[in-house]
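Next comes entry.cif, a file with mmCIF, C-alpha atoms (C1' of nucleotides).
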```cif
data_final
loop_
_atom_site.group_PDB
_atom_site.id
_atom_site.type_symbol
_atom_site.label_atom_id
_atom_site.label_comp_id
_atom_site.auth_asym_id
_atom_site.auth_seq_id
_atom_site.Cartn_x
_atom_site.Cartn_y
_atom_site.Cartn_z
ATOM 1 C CA MET O 1 112.504 93.988 112.775
ATOM 2 C CA PRO O 2 110.720 94.664 116.071
ATOM 3 C CA LYS O 3 107.364 93.332 115.099
ATOM 4 C CA ALA O 4 104.420 91.894 116.991
ATOM 5 C CA LEU O 5 104.957 88.243 117.747
ATOM 6 C CA PRO O 6 103.156 85.729 115.505
ATOM 7 C CA VAL O 7 100.729 84.500 118.134
ATOM 8 C CA ILE O 8 98.155 84.010 115.442
ATOM 9 C CA ASP O 9 96.774 80.676 114.326
ATOM 10 C CA VAL O 10 97.982 80.996 110.822
ATOM 11 C CA SER O 11 97.509 77.380 109.884
ATOM 12 C CA ALA O 12 93.807 77.828 109.199
ATOM 13 C CA PRO O 13 92.788 79.163 105.807
ATOM 14 C CA ILE O 14 92.544 82.938 105.734
ATOM 15 C CA CYS O 15 89.076 84.025 106.800
ATOM 16 C CA CYS O 16 88.578 87.193 104.784
ATOM 17 C CA ALA O 17 90.339 90.524 104.763
ATOM 18 C CA PRO O 18 91.258 91.320 101.168
ATOM 19 C CA VAL O 19 93.814 94.034 100.504
ATOM 20 C CA SER O 20 91.252 95.917 98.460
ATOM 21 C CA ALA O 21 88.393 95.988 100.962
ATOM 22 C CA GLY O 22 89.469 99.234 102.516
ATOM 23 C CA PRO O 23 92.637 100.013 104.493
ATOM 24 C CA MET O 24 93.570 96.899 106.437
ATOM 25 C CA THR O 25 93.865 96.685 110.176
ATOM 26 C CA ASP O 26 97.291 95.920 111.554
ATOM 27 C CA ALA O 27 96.109 92.483 112.620
ATOM 28 C CA ALA O 28 94.795 91.579 109.175
ATOM 29 C CA ALA O 29 97.957 92.840 107.513
ATOM 30 C CA LEU O 30 100.046 90.770 109.886
ATOM 31 C CA GLU O 31 98.026 87.669 109.184
ATOM 32 C CA VAL O 32 98.484 88.000 105.447
ATOM 33 C CA ALA O 33 102.137 88.928 105.793
ATOM 34 C CA LEU O 34 102.892 85.844 107.892
ATOM 35 C CA ARG O 35 101.515 83.558 105.223
ATOM 36 C CA LEU O 36 103.321 85.405 102.472
ATOM 37 C CA LYS O 37 106.534 85.197 104.473
ATOM 38 C CA ALA O 38 106.158 81.446 104.592
ATOM 39 C CA LEU O 39 106.208 81.388 100.800
ATOM 40 C CA ALA O 40 108.754 84.155 100.321
ATOM 41 C CA ASP O 41 111.800 81.974 100.034
ATOM 42 C CA PRO O 42 113.238 80.370 96.902
ATOM 43 C CA VAL O 43 113.621 76.988 98.560
ATOM 44 C CA ARG O 44 110.072 76.951 99.857
ATOM 45 C CA ILE O 45 108.672 78.037 96.505
ATOM 46 C CA LYS O 46 110.543 75.208 94.874
ATOM 47 C CA LEU O 47 109.263 72.780 97.497
ATOM 48 C CA MET O 48 105.689 73.899 96.822
ATOM 49 C CA SER O 49 106.312 73.516 93.133
ATOM 50 C CA ILE O 50 107.580 69.985 93.605
ATOM 51 C CA LEU O 51 104.640 69.077 95.822
ATOM 52 C CA LEU O 52 102.082 70.591 93.459
ATOM 53 C CA THR O 53 103.409 68.683 90.489
ATOM 54 C CA ALA O 54 104.129 65.386 92.185
ATOM 55 C CA ALA O 55 102.437 62.366 90.678
ATOM 56 C CA ASP O 56 100.276 61.425 93.647
ATOM 57 C CA GLY O 57 100.588 64.848 95.274
ATOM 58 C CA ALA O 58 102.696 63.682 98.186
ATOM 59 C CA VAL O 59 106.466 63.488 98.566
ATOM 60 C CA CYS O 60 108.621 62.369 101.489
ATOM 61 C CA THR O 61 111.200 64.573 103.163
ATOM 62 C CA CYS O 62 114.205 62.803 101.751
ATOM 63 C CA ASP O 63 112.986 63.095 98.179
ATOM 64 C CA LEU O 64 112.312 66.775 98.711
ATOM 65 C CA ALA O 65 115.825 67.202 100.085
ATOM 66 C CA THR O 66 117.174 65.609 96.934
ATOM 67 C CA GLY O 67 114.937 67.853 94.851
ATOM 68 C CA VAL O 68 116.257 71.086 96.321
ATOM 69 C CA ASP O 69 119.770 69.773 97.027
ATOM 70 C CA LEU O 70 119.948 70.833 100.663
ATOM 71 C CA ALA O 71 120.551 69.086 103.993
ATOM 72 C CA GLU O 72 117.521 67.211 105.276
ATOM 73 C CA SER O 73 117.525 69.242 108.471
ATOM 74 C CA THR O 74 117.236 72.383 106.402
ATOM 75 C CA VAL O 75 114.386 70.967 104.367
ATOM 76 C CA SER O 76 112.668 69.865 107.554
ATOM 77 C CA HIS O 77 112.938 73.412 108.814
ATOM 78 C CA HIS O 78 111.378 74.814 105.639
ATOM 79 C CA LEU O 79 108.589 72.260 105.741
ATOM 80 C CA GLY O 80 107.918 73.302 109.308
ATOM 81 C CA GLN O 81 107.543 76.897 108.185
ATOM 82 C CA LEU O 82 105.165 75.916 105.426
ATOM 83 C CA ARG O 83 103.168 73.699 107.772
ATOM 84 C CA LYS O 84 102.928 76.412 110.408
ATOM 85 C CA ALA O 85 101.504 78.706 107.741
ATOM 86 C CA GLY O 86 99.015 76.076 106.653
ATOM 87 C CA MET O 87 100.554 75.687 103.211
ATOM 88 C CA VAL O 88 101.524 72.041 103.650
ATOM 89 C CA GLU O 89 100.179 69.078 105.546
ATOM 90 C CA SER O 90 102.289 66.130 106.593
ATOM 91 C CA GLU O 91 101.447 62.555 107.336
ATOM 92 C CA ARG O 92 103.587 59.724 108.581
ATOM 93 C CA ARG O 93 103.680 56.640 106.370
ATOM 94 C CA GLY O 94 105.905 54.001 107.879
ATOM 95 C CA MET O 95 109.395 55.299 108.183
ATOM 96 C CA ASN O 96 108.753 58.248 105.951
ATOM 97 C CA VAL O 97 106.738 61.412 106.294
ATOM 98 C CA HIS O 98 104.785 62.411 103.239
ATOM 99 C CA HIS O 99 104.013 66.034 102.593
ATOM 100 C CA ARG O 100 101.385 67.563 100.360
ATOM 101 C CA ALA O 101 100.535 71.122 99.357
ATOM 102 C CA ARG O 102 97.323 72.589 100.711
ATOM 103 C CA VAL O 103 95.741 74.021 97.616
ATOM 104 C CA ASP O 104 92.918 75.573 99.612
ATOM 105 C CA ALA O 105 95.391 77.728 101.562
ATOM 106 C CA LEU O 106 97.076 78.828 98.369
ATOM 107 C CA ASP O 107 93.707 79.709 96.878
ATOM 108 C CA ALA O 108 92.715 81.695 99.949
ATOM 109 C CA LEU O 109 95.928 83.662 99.832
ATOM 110 C CA ARG O 110 95.479 84.424 96.160
ATOM 111 C CA LEU O 111 91.965 85.644 96.854
ATOM 112 C CA VAL O 112 93.122 88.007 99.584
ATOM 113 C CA LEU O 113 95.620 89.501 97.142
ATOM 114 C CA ASP O 114 92.988 90.016 94.469
ATOM 115 C CA PRO O 115 92.661 93.756 93.784
ATOM 116 C CA ASP O 116 89.216 93.177 92.317
ATOM 117 C CA CYS O 117 88.054 90.934 95.121
ATOM 118 C CA CYS O 118 85.692 93.468 96.660
ATOM 119 C CA ARG O 119 84.535 95.596 93.751
ATOM 120 C CA MET E 1 120.686 83.026 104.419
ATOM 121 C CA PRO E 2 123.494 82.597 101.876
ATOM 122 C CA LYS E 3 121.414 82.942 98.782
ATOM 123 C CA ALA E 4 122.101 84.053 95.247
ATOM 124 C CA LEU E 5 122.086 87.818 95.002
ATOM 125 C CA PRO E 6 118.983 89.453 93.525
ATOM 126 C CA VAL E 7 120.583 90.514 90.299
ATOM 127 C CA ILE E 8 117.303 89.953 88.540
ATOM 128 C CA ASP E 9 115.145 92.635 86.986
ATOM 129 C CA VAL E 10 112.226 91.994 89.205
ATOM 130 C CA SER E 11 110.401 95.208 88.420
ATOM 131 C CA ALA E 12 108.924 93.818 85.217
ATOM 132 C CA PRO E 13 105.784 91.722 85.494
ATOM 133 C CA ILE E 14 106.508 88.035 85.932
ATOM 134 C CA CYS E 15 106.905 86.373 82.562
ATOM 135 C CA CYS E 16 105.580 82.880 83.222
ATOM 136 C CA ALA E 17 106.755 80.089 85.443
ATOM 137 C CA PRO E 18 103.791 78.938 87.497
ATOM 138 C CA VAL E 19 104.402 76.799 90.545
ATOM 139 C CA SER E 20 102.275 74.071 89.062
ATOM 140 C CA ALA E 21 103.905 73.787 85.665
ATOM 141 C CA GLY E 22 106.376 71.184 86.780
ATOM 142 C CA PRO E 23 109.231 71.504 89.282
ATOM 143 C CA MET E 24 110.571 75.025 89.059
ATOM 144 C CA THR E 25 114.115 75.954 88.192
ATOM 145 C CA ASP E 26 116.102 77.695 90.893
ATOM 146 C CA ALA E 27 116.021 80.904 88.897
ATOM 147 C CA ALA E 28 112.261 80.876 88.519
ATOM 148 C CA ALA E 29 111.755 80.104 92.186
ATOM 149 C CA LEU E 30 114.058 82.963 93.123
ATOM 150 C CA GLU E 31 112.184 85.364 90.892
ATOM 151 C CA VAL E 32 108.862 84.488 92.481
ATOM 152 C CA ALA E 33 110.318 84.503 95.985
ATOM 153 C CA LEU E 34 111.782 87.976 95.543
ATOM 154 C CA ARG E 35 108.402 89.404 94.652
ATOM 155 C CA LEU E 36 106.697 87.583 97.476
ATOM 156 C CA LYS E 37 109.355 88.840 99.861
ATOM 157 C CA ALA E 38 108.515 92.368 98.840
ATOM 158 C CA LEU E 39 104.941 91.792 99.980
ATOM 159 C CA ALA E 40 105.747 89.634 102.987
ATOM 160 C CA ASP E 41 105.756 92.392 105.567
ATOM 161 C CA PRO E 42 102.810 93.720 107.569
ATOM 162 C CA VAL E 43 103.717 97.329 106.857
ATOM 163 C CA ARG E 44 104.050 96.769 103.132
ATOM 164 C CA ILE E 45 100.783 94.849 102.983
ATOM 165 C CA LYS E 46 99.070 97.701 104.719
ATOM 166 C CA LEU E 47 100.669 100.185 102.338
ATOM 167 C CA MET E 48 99.381 98.186 99.374
ATOM 168 C CA SER E 49 95.975 98.074 100.973
ATOM 169 C CA ILE E 50 95.949 101.836 101.408
ATOM 170 C CA LEU E 51 97.101 102.396 97.848
ATOM 171 C CA LEU E 52 94.566 99.974 96.387
ATOM 172 C CA THR E 53 91.677 101.610 98.183
ATOM 173 C CA ALA E 54 92.728 105.234 97.813
ATOM 174 C CA ALA E 55 90.205 107.493 96.158
ATOM 175 C CA ASP E 56 92.278 108.411 93.066
ATOM 176 C CA GLY E 57 94.624 105.474 93.488
ATOM 177 C CA ALA E 58 97.639 107.558 94.408
ATOM 178 C CA VAL E 59 98.918 108.658 97.799
ATOM 179 C CA CYS E 60 101.962 110.713 98.771
ATOM 180 C CA THR E 61 104.708 109.444 101.061
ATOM 181 C CA CYS E 62 103.751 111.599 104.014
ATOM 182 C CA ASP E 63 100.127 110.466 103.992
ATOM 183 C CA LEU E 64 101.266 106.853 103.810
ATOM 184 C CA ALA E 65 103.556 107.489 106.775
ATOM 185 C CA THR E 66 100.576 108.790 108.701
ATOM 186 C CA GLY E 67 98.539 105.801 107.600
ATOM 187 C CA VAL E 68 100.982 103.242 108.973
ATOM 188 C CA ASP E 69 102.237 105.415 111.820
ATOM 189 C CA LEU E 70 105.941 105.045 111.090
ATOM 190 C CA ALA E 71 108.807 107.419 110.357
ATOM 191 C CA GLU E 72 108.844 108.731 106.805
ATOM 192 C CA SER E 73 112.300 107.319 106.230
ATOM 193 C CA THR E 74 110.981 103.895 107.123
ATOM 194 C CA VAL E 75 108.030 104.257 104.785
ATOM 195 C CA SER E 76 110.333 105.449 102.046
ATOM 196 C CA HIS E 77 112.388 102.302 102.563
ATOM 197 C CA HIS E 78 109.326 100.080 102.270
ATOM 198 C CA LEU E 79 108.137 101.904 99.179
ATOM 199 C CA GLY E 80 111.555 101.365 97.683
ATOM 200 C CA GLN E 81 111.217 97.631 98.276
ATOM 201 C CA LEU E 82 107.801 97.562 96.690
ATOM 202 C CA ARG E 83 108.996 99.629 93.745
ATOM 203 C CA LYS E 84 112.029 97.400 93.212
ATOM 204 C CA ALA E 85 109.668 94.449 93.048
ATOM 205 C CA GLY E 86 107.415 96.218 90.566
ATOM 206 C CA MET E 87 104.498 96.362 92.970
ATOM 207 C CA VAL E 88 104.337 100.161 93.129
ATOM 208 C CA GLU E 89 105.116 103.021 90.790
ATOM 209 C CA SER E 90 105.990 106.496 91.972
ATOM 210 C CA GLU E 91 105.677 109.876 90.335
ATOM 211 C CA ARG E 92 106.788 113.281 91.501
ATOM 212 C CA ARG E 93 104.061 115.897 91.738
ATOM 213 C CA GLY E 94 105.465 119.198 92.897
ATOM 214 C CA MET E 95 106.889 118.808 96.333
ATOM 215 C CA ASN E 96 105.295 115.434 96.883
ATOM 216 C CA VAL E 97 105.794 111.994 95.409
ATOM 217 C CA HIS E 98 102.646 110.073 94.658
ATOM 218 C CA HIS E 99 102.645 106.308 94.740
ATOM 219 C CA ARG E 100 100.212 103.875 93.194
ATOM 220 C CA ALA E 101 99.839 100.107 93.295
ATOM 221 C CA ARG E 102 100.636 98.163 90.136
ATOM 222 C CA VAL E 103 97.641 95.929 89.804
ATOM 223 C CA ASP E 104 99.167 94.126 86.822
ATOM 224 C CA ALA E 105 102.092 92.959 88.944
ATOM 225 C CA LEU E 106 99.779 91.747 91.660
ATOM 226 C CA ASP E 107 97.704 89.881 89.097
ATOM 227 C CA ALA E 108 100.786 88.288 87.588
ATOM 228 C CA LEU E 109 101.950 87.100 90.967
ATOM 229 C CA ARG E 110 98.555 85.639 91.755
ATOM 230 C CA LEU E 111 98.594 83.802 88.458
ATOM 231 C CA VAL E 112 101.992 82.270 89.149
ATOM 232 C CA LEU E 113 100.671 80.978 92.468
ATOM 233 C CA ASP E 114 97.613 79.419 90.880
ATOM 234 C CA PRO E 115 97.738 75.643 91.392
ATOM 235 C CA ASP E 116 95.347 75.179 88.484
ATOM 236 C CA CYS E 117 97.173 77.550 86.185
ATOM 237 C CA CYS E 118 98.577 74.863 83.927
ATOM 238 C CA ARG E 119 96.027 72.097 84.042
ATOM 239 C "C1'" DC X 1 119.754 133.309 96.566
ATOM 240 C "C1'" DC X 2 117.556 131.907 100.787
ATOM 241 C "C1'" DA X 3 114.174 129.880 103.922
ATOM 242 C "C1'" DC X 4 111.123 126.121 103.969
ATOM 243 C "C1'" DC X 5 108.832 121.615 102.966
ATOM 244 C "C1'" DT X 6 108.905 116.751 101.323
ATOM 245 C "C1'" DT X 7 111.450 112.780 100.256
ATOM 246 C "C1'" DT X 8 115.388 109.882 100.066
ATOM 247 C "C1'" DT X 9 119.933 108.241 101.568
ATOM 248 C "C1'" DC X 10 123.081 106.883 105.089
ATOM 249 C "C1'" DG X 11 124.728 104.839 109.498
ATOM 250 C "C1'" DA X 12 123.827 102.307 113.322
ATOM 251 C "C1'" DC X 13 121.433 99.075 115.904
ATOM 252 C "C1'" DA X 14 118.563 95.057 117.254
ATOM 253 C "C1'" DT X 15 116.113 91.158 115.700
ATOM 254 C "C1'" DA X 16 114.838 87.632 112.385
ATOM 255 C "C1'" DA X 17 116.091 84.048 109.226
ATOM 256 C "C1'" DG X 18 118.655 80.297 106.469
ATOM 257 C "C1'" DT X 19 122.158 76.858 106.731
ATOM 258 C "C1'" DC X 20 124.539 72.919 108.508
ATOM 259 C "C1'" DA X 21 126.356 69.254 111.721
ATOM 260 C "C1'" DA X 22 125.352 66.472 115.532
ATOM 261 C "C1'" DG X 23 122.390 64.211 118.259
ATOM 262 C "C1'" DA X 24 117.610 62.828 119.659
ATOM 263 C "C1'" DA X 25 113.178 60.769 118.266
ATOM 264 C "C1'" DA X 26 110.091 57.834 115.631
ATOM 265 C "C1'" DC X 27 109.546 53.744 113.125
ATOM 266 C "C1'" DT X 28 110.643 49.153 110.779
ATOM 267 C "C1'" DT X 29 112.664 44.814 110.558
ATOM 268 C "C1'" DG X 30 115.558 41.010 111.855
ATOM 269 C "C1'" DC J 1 115.454 44.020 121.979
ATOM 270 C "C1'" DA J 2 118.978 45.523 118.638
ATOM 271 C "C1'" DA J 3 120.374 47.519 114.396
ATOM 272 C "C1'" DG J 4 119.295 50.419 110.731
ATOM 273 C "C1'" DT J 5 116.549 54.209 108.366
ATOM 274 C "C1'" DT J 6 114.165 58.451 108.130
ATOM 275 C "C1'" DT J 7 112.889 62.654 110.247
ATOM 276 C "C1'" DC J 8 113.036 66.358 113.592
ATOM 277 C "C1'" DT J 9 115.316 69.343 117.123
ATOM 278 C "C1'" DT J 10 119.026 71.938 118.886
ATOM 279 C "C1'" DG J 11 122.911 74.949 118.823
ATOM 280 C "C1'" DA J 12 126.017 77.851 116.402
ATOM 281 C "C1'" DC J 13 127.119 80.759 112.741
ATOM 282 C "C1'" DT J 14 126.424 84.184 109.075
ATOM 283 C "C1'" DT J 15 123.623 87.150 106.532
ATOM 284 C "C1'" DA J 16 119.348 89.767 105.821
ATOM 285 C "C1'" DT J 17 115.881 92.952 107.447
ATOM 286 C "C1'" DG J 18 113.126 96.647 109.844
ATOM 287 C "C1'" DT J 19 113.564 100.713 112.450
ATOM 288 C "C1'" DC J 20 115.034 105.262 113.551
ATOM 289 C "C1'" DG J 21 117.535 109.867 113.563
ATOM 290 C "C1'" DA J 22 120.479 112.860 111.061
ATOM 291 C "C1'" DA J 23 121.805 114.703 107.051
ATOM 292 C "C1'" DA J 24 121.547 115.223 102.028
ATOM 293 C "C1'" DA J 25 118.760 115.801 97.843
ATOM 294 C "C1'" DG J 26 114.830 117.578 95.283
ATOM 295 C "C1'" DG J 27 111.360 121.172 94.734
ATOM 296 C "C1'" DT J 28 108.572 125.683 95.971
ATOM 297 C "C1'" DG J 29 108.079 130.480 96.815
ATOM 298 C "C1'" DG J 30 109.521 134.868 98.607
#
```

Please render this file's structure as structure tokens.
Amino acid sequence: MPKALPVIDVSAPICCAPVSAGPMTDAAALEVALRLKALADPVRIKLMSILLTAADGAVCTCDLATGVDLAESTVSHHLGQLRKAGMVESERRGMNVHHRARVDALDALRLVLDPDCCR
Amino acid sequence: MPKALPVIDVSAPICCAPVSAGPMTDAAALEVALRLKALADPVRIKLMSILLTAADGAVCTCDLATGVDLAESTVSHHLGQLRKAGMVESERRGMNVHHRARVDALDALRLVLDPDCCR
DNA sequence: CCACCTTTTCGACATAAGTCAAGAAACTTG
DNA sequence: CAAGTTTCTTGACTTATGTCGAAAAGGTGG
């Protein structure tokens, strides 16, 4: 997998380089791929699902760990991936850290994947 | 990465299990993740981009290899991944094989990722 | 049937990625 | 400050993945 290193700030919402606006540059393709990779894991999809459907939209790490039935260190790792890709934001509340899904990032990603985006 | 094997027929368009329709089952999350994983690679994103913007919508393997500047065996591998995930369909035309993007699959995936899908 | 072209399959290799346990870090409360 | 709780980091391990070259498979035309 010898691939260019992810030196990109991928935590900001995707600017604009839809897959259907002409053949993509390598840089644009990498940017999109990095965000997709952050979501391309069953555990992380389930985490997003839990966050998106949570009552007040925010859930602490330990509850997420219970939700996906994995070690907390593993969940922390996955949350780090999602945060690095801008899909989740985290905020400390007392002893706990509450996480919430960034709907804007999800929307931006969906737009980039829209085949009709630029027609 | 000890994960359940992808024994799922992932080449059919996603049925319906949006991330925002309540906490996902493991099976649903896996199904979505497998399709995302197929797209979560810079080369494959660029291939999709080329296919989506091609004049008649279909491109042969060798032209795709030129487009991404990789060995044809590598491109064939990536196309296999995309095909297995239902993102591309391929058809033999004489000596060449022409590939085209499956817009329906892309649309289905975007719908599943829609936070407002079930509200 | 044979020479040639395109595509896929197969090995082999290097790198990336998911998982956990153990320990460090951040915070609260007595 | 000390004890307890939650979270993150680190290290180690196993498995998955992207890449290529070589060879096989599929198709065309003399």

* Between atom CA of O:Thr53 and atom CA of E:Val19, what is the spacing in Å? ->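 Going from atom CA of E:Val19 over to atom CA of O:Thr53, I get 8.2 Å.
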
* Could you list the residues chosen by the PyMOL selection byres ((chain O) within 12 of (chain X)) in this structure as a VMD selection string? => chain O and resid 1 to 5 37 to 38 40 to 44 70 to 78 81 92 to 97

* Name the residues that the PyMOL selection byres ((chain J) within 10 of (chain O)) pulls out of this structure, and write them as a VMD selection string. => chain J and resid 5 to 9 17 to 19

Select, as a short mmCIF file (atom, residue, chain, number, x, y, z; two decimals) with C-alpha atoms, in the coordinates of the input, those residues of chain E with any atom no more than 10 Å from chain O (distances computed using only C-alpha atoms).
```
data_model
loop_
_atom_site.label_atom_id
_atom_site.label_comp_id
_atom_site.auth_asym_id
_atom_site.auth_seq_id
_atom_site.Cartn_x
_atom_site.Cartn_y
_atom_site.Cartn_z
CA MET E 1 120.69 83.03 104.42
CA LYS E 3 121.41 82.94 98.78
CA ALA E 4 122.10 84.05 95.25
CA PRO E 18 103.79 78.94 87.50
CA VAL E 19 104.40 76.80 90.54
CA SER E 20 102.28 74.07 89.06
CA ALA E 21 103.90 73.79 85.66
CA GLY E 22 106.38 71.18 86.78
CA PRO E 23 109.23 71.50 89.28
CA MET E 24 110.57 75.03 89.06
CA THR E 25 114.12 75.95 88.19
CA ASP E 26 116.10 77.69 90.89
CA ALA E 27 116.02 80.90 88.90
CA ALA E 28 112.26 80.88 88.52
CA ALA E 29 111.76 80.10 92.19
CA LEU E 30 114.06 82.96 93.12
CA GLU E 31 112.18 85.36 90.89
CA VAL E 32 108.86 84.49 92.48
CA ALA E 33 110.32 84.50 95.98
CA LEU E 34 111.78 87.98 95.54
CA ARG E 35 108.40 89.40 94.65
CA LEU E 36 106.70 87.58 97.48
CA LYS E 37 109.36 88.84 99.86
CA ALA E 38 108.52 92.37 98.84
CA LEU E 39 104.94 91.79 99.98
CA ALA E 40 105.75 89.63 102.99
CA ASP E 41 105.76 92.39 105.57
CA PRO E 42 102.81 93.72 107.57
CA VAL E 43 103.72 97.33 106.86
CA ARG E 44 104.05 96.77 103.13
CA ILE E 45 100.78 94.85 102.98
CA LYS E 46 99.07 97.70 104.72
CA LEU E 47 100.67 100.18 102.34
CA MET E 48 99.38 98.19 99.37
CA SER E 49 95.98 98.07 100.97
CA ILE E 50 95.95 101.84 101.41
CA LEU E 51 97.10 102.40 97.85
CA LEU E 52 94.57 99.97 96.39
CA THR E 53 91.68 101.61 98.18
CA ALA E 54 92.73 105.23 97.81
CA GLY E 67 98.54 105.80 107.60
CA VAL E 68 100.98 103.24 108.97
CA ALA E 101 99.84 100.11 93.30
CA ARG E 102 100.64 98.16 90.14
CA VAL E 103 97.64 95.93 89.80
CA ASP E 104 99.17 94.13 86.82
CA LEU E 106 99.78 91.75 91.66
CA ASP E 107 97.70 89.88 89.10
CA LEU E 109 101.95 87.10 90.97
CA ARG E 110 98.56 85.64 91.76
CA LEU E 111 98.59 83.80 88.46
CA VAL E 112 101.99 82.27 89.15
CA LEU E 113 100.67 80.98 92.47
CA ASP E 114 97.61 79.42 90.88
CA PRO E 115 97.74 75.64 91.39
CA ASP E 116 95.35 75.18 88.48
#
```

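In this model, the gap between atom CA of O:Cys118 and atom CA of E:Gly57 comes to 15.3 Å.
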
* So how far away is atom C1' of J:DG27 from atom CA of E:Asp56, in Å? -> 23.0 Å

Place N, CA and C atoms on stretch 37-50 of chain O and deliver the coordinates as a PDB file, keeping the file's coordinate frame.
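Saved result, result33.pdb, follows:
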```
ATOM      1  N   LYS O  37     105.156  85.419 104.053  1.00  0.00           N
ATOM      2  CA  LYS O  37     106.534  85.197 104.473  1.00  0.00           C
ATOM      3  C   LYS O  37     106.886  83.717 104.382  1.00  0.00           C
ATOM      4  N   ALA O  38     105.908  82.880 104.662  1.00  0.00           N
ATOM      5  CA  ALA O  38     106.158  81.446 104.592  1.00  0.00           C
ATOM      6  C   ALA O  38     106.502  81.029 103.164  1.00  0.00           C
ATOM      7  N   LEU O  39     105.948  81.730 102.194  1.00  0.00           N
ATOM      8  CA  LEU O  39     106.208  81.388 100.800  1.00  0.00           C
ATOM      9  C   LEU O  39     107.384  82.175 100.215  1.00  0.00           C
ATOM     10  N   ALA O  40     107.792  83.227 100.909  1.00  0.00           N
ATOM     11  CA  ALA O  40     108.754  84.155 100.321  1.00  0.00           C
ATOM     12  C   ALA O  40     110.184  83.680 100.468  1.00  0.00           C
ATOM     13  N   ASP O  41     110.446  82.516 100.006  1.00  0.00           N
ATOM     14  CA  ASP O  41     111.800  81.974 100.034  1.00  0.00           C
ATOM     15  C   ASP O  41     111.950  81.040  98.845  1.00  0.00           C
ATOM     16  N   PRO O  42     113.045  81.163  98.118  1.00  0.00           N
ATOM     17  CA  PRO O  42     113.238  80.370  96.902  1.00  0.00           C
ATOM     18  C   PRO O  42     113.106  78.875  97.168  1.00  0.00           C
ATOM     19  N   VAL O  43     113.680  78.421  98.263  1.00  0.00           N
ATOM     20  CA  VAL O  43     113.621  76.988  98.560  1.00  0.00           C
ATOM     21  C   VAL O  43     112.177  76.561  98.789  1.00  0.00           C
ATOM     22  N   ARG O  44     111.441  77.350  99.538  1.00  0.00           N
ATOM     23  CA  ARG O  44     110.072  76.951  99.857  1.00  0.00           C
ATOM     24  C   ARG O  44     109.172  77.025  98.633  1.00  0.00           C
ATOM     25  N   ILE O  45     109.440  77.986  97.747  1.00  0.00           N
ATOM     26  CA  ILE O  45     108.672  78.037  96.505  1.00  0.00           C
ATOM     27  C   ILE O  45     108.944  76.783  95.686  1.00  0.00           C
ATOM     28  N   LYS O  46     110.202  76.400  95.646  1.00  0.00           N
ATOM     29  CA  LYS O  46     110.543  75.208  94.874  1.00  0.00           C
ATOM     30  C   LYS O  46     109.915  73.970  95.499  1.00  0.00           C
ATOM     31  N   LEU O  47     109.906  73.908  96.815  1.00  0.00           N
ATOM     32  CA  LEU O  47     109.263  72.780  97.497  1.00  0.00           C
ATOM     33  C   LEU O  47     107.776  72.729  97.132  1.00  0.00           C
ATOM     34  N   MET O  48     107.110  73.862  97.175  1.00  0.00           N
ATOM     35  CA  MET O  48     105.689  73.899  96.822  1.00  0.00           C
ATOM     36  C   MET O  48     105.502  73.439  95.383  1.00  0.00           C
ATOM     37  N   SER O  49     106.395  73.892  94.535  1.00  0.00           N
ATOM     38  CA  SER O  49     106.312  73.516  93.133  1.00  0.00           C
ATOM     39  C   SER O  49     106.453  72.014  92.950  1.00  0.00           C
ATOM     40  N   ILE O  50     107.384  71.434  93.688  1.00  0.00           N
ATOM     41  CA  ILE O  50     107.580  69.985  93.605  1.00  0.00           C
ATOM     42  C   ILE O  50     106.339  69.253  94.115  1.00  0.00           C
TER      43      ILE O  50
END
```
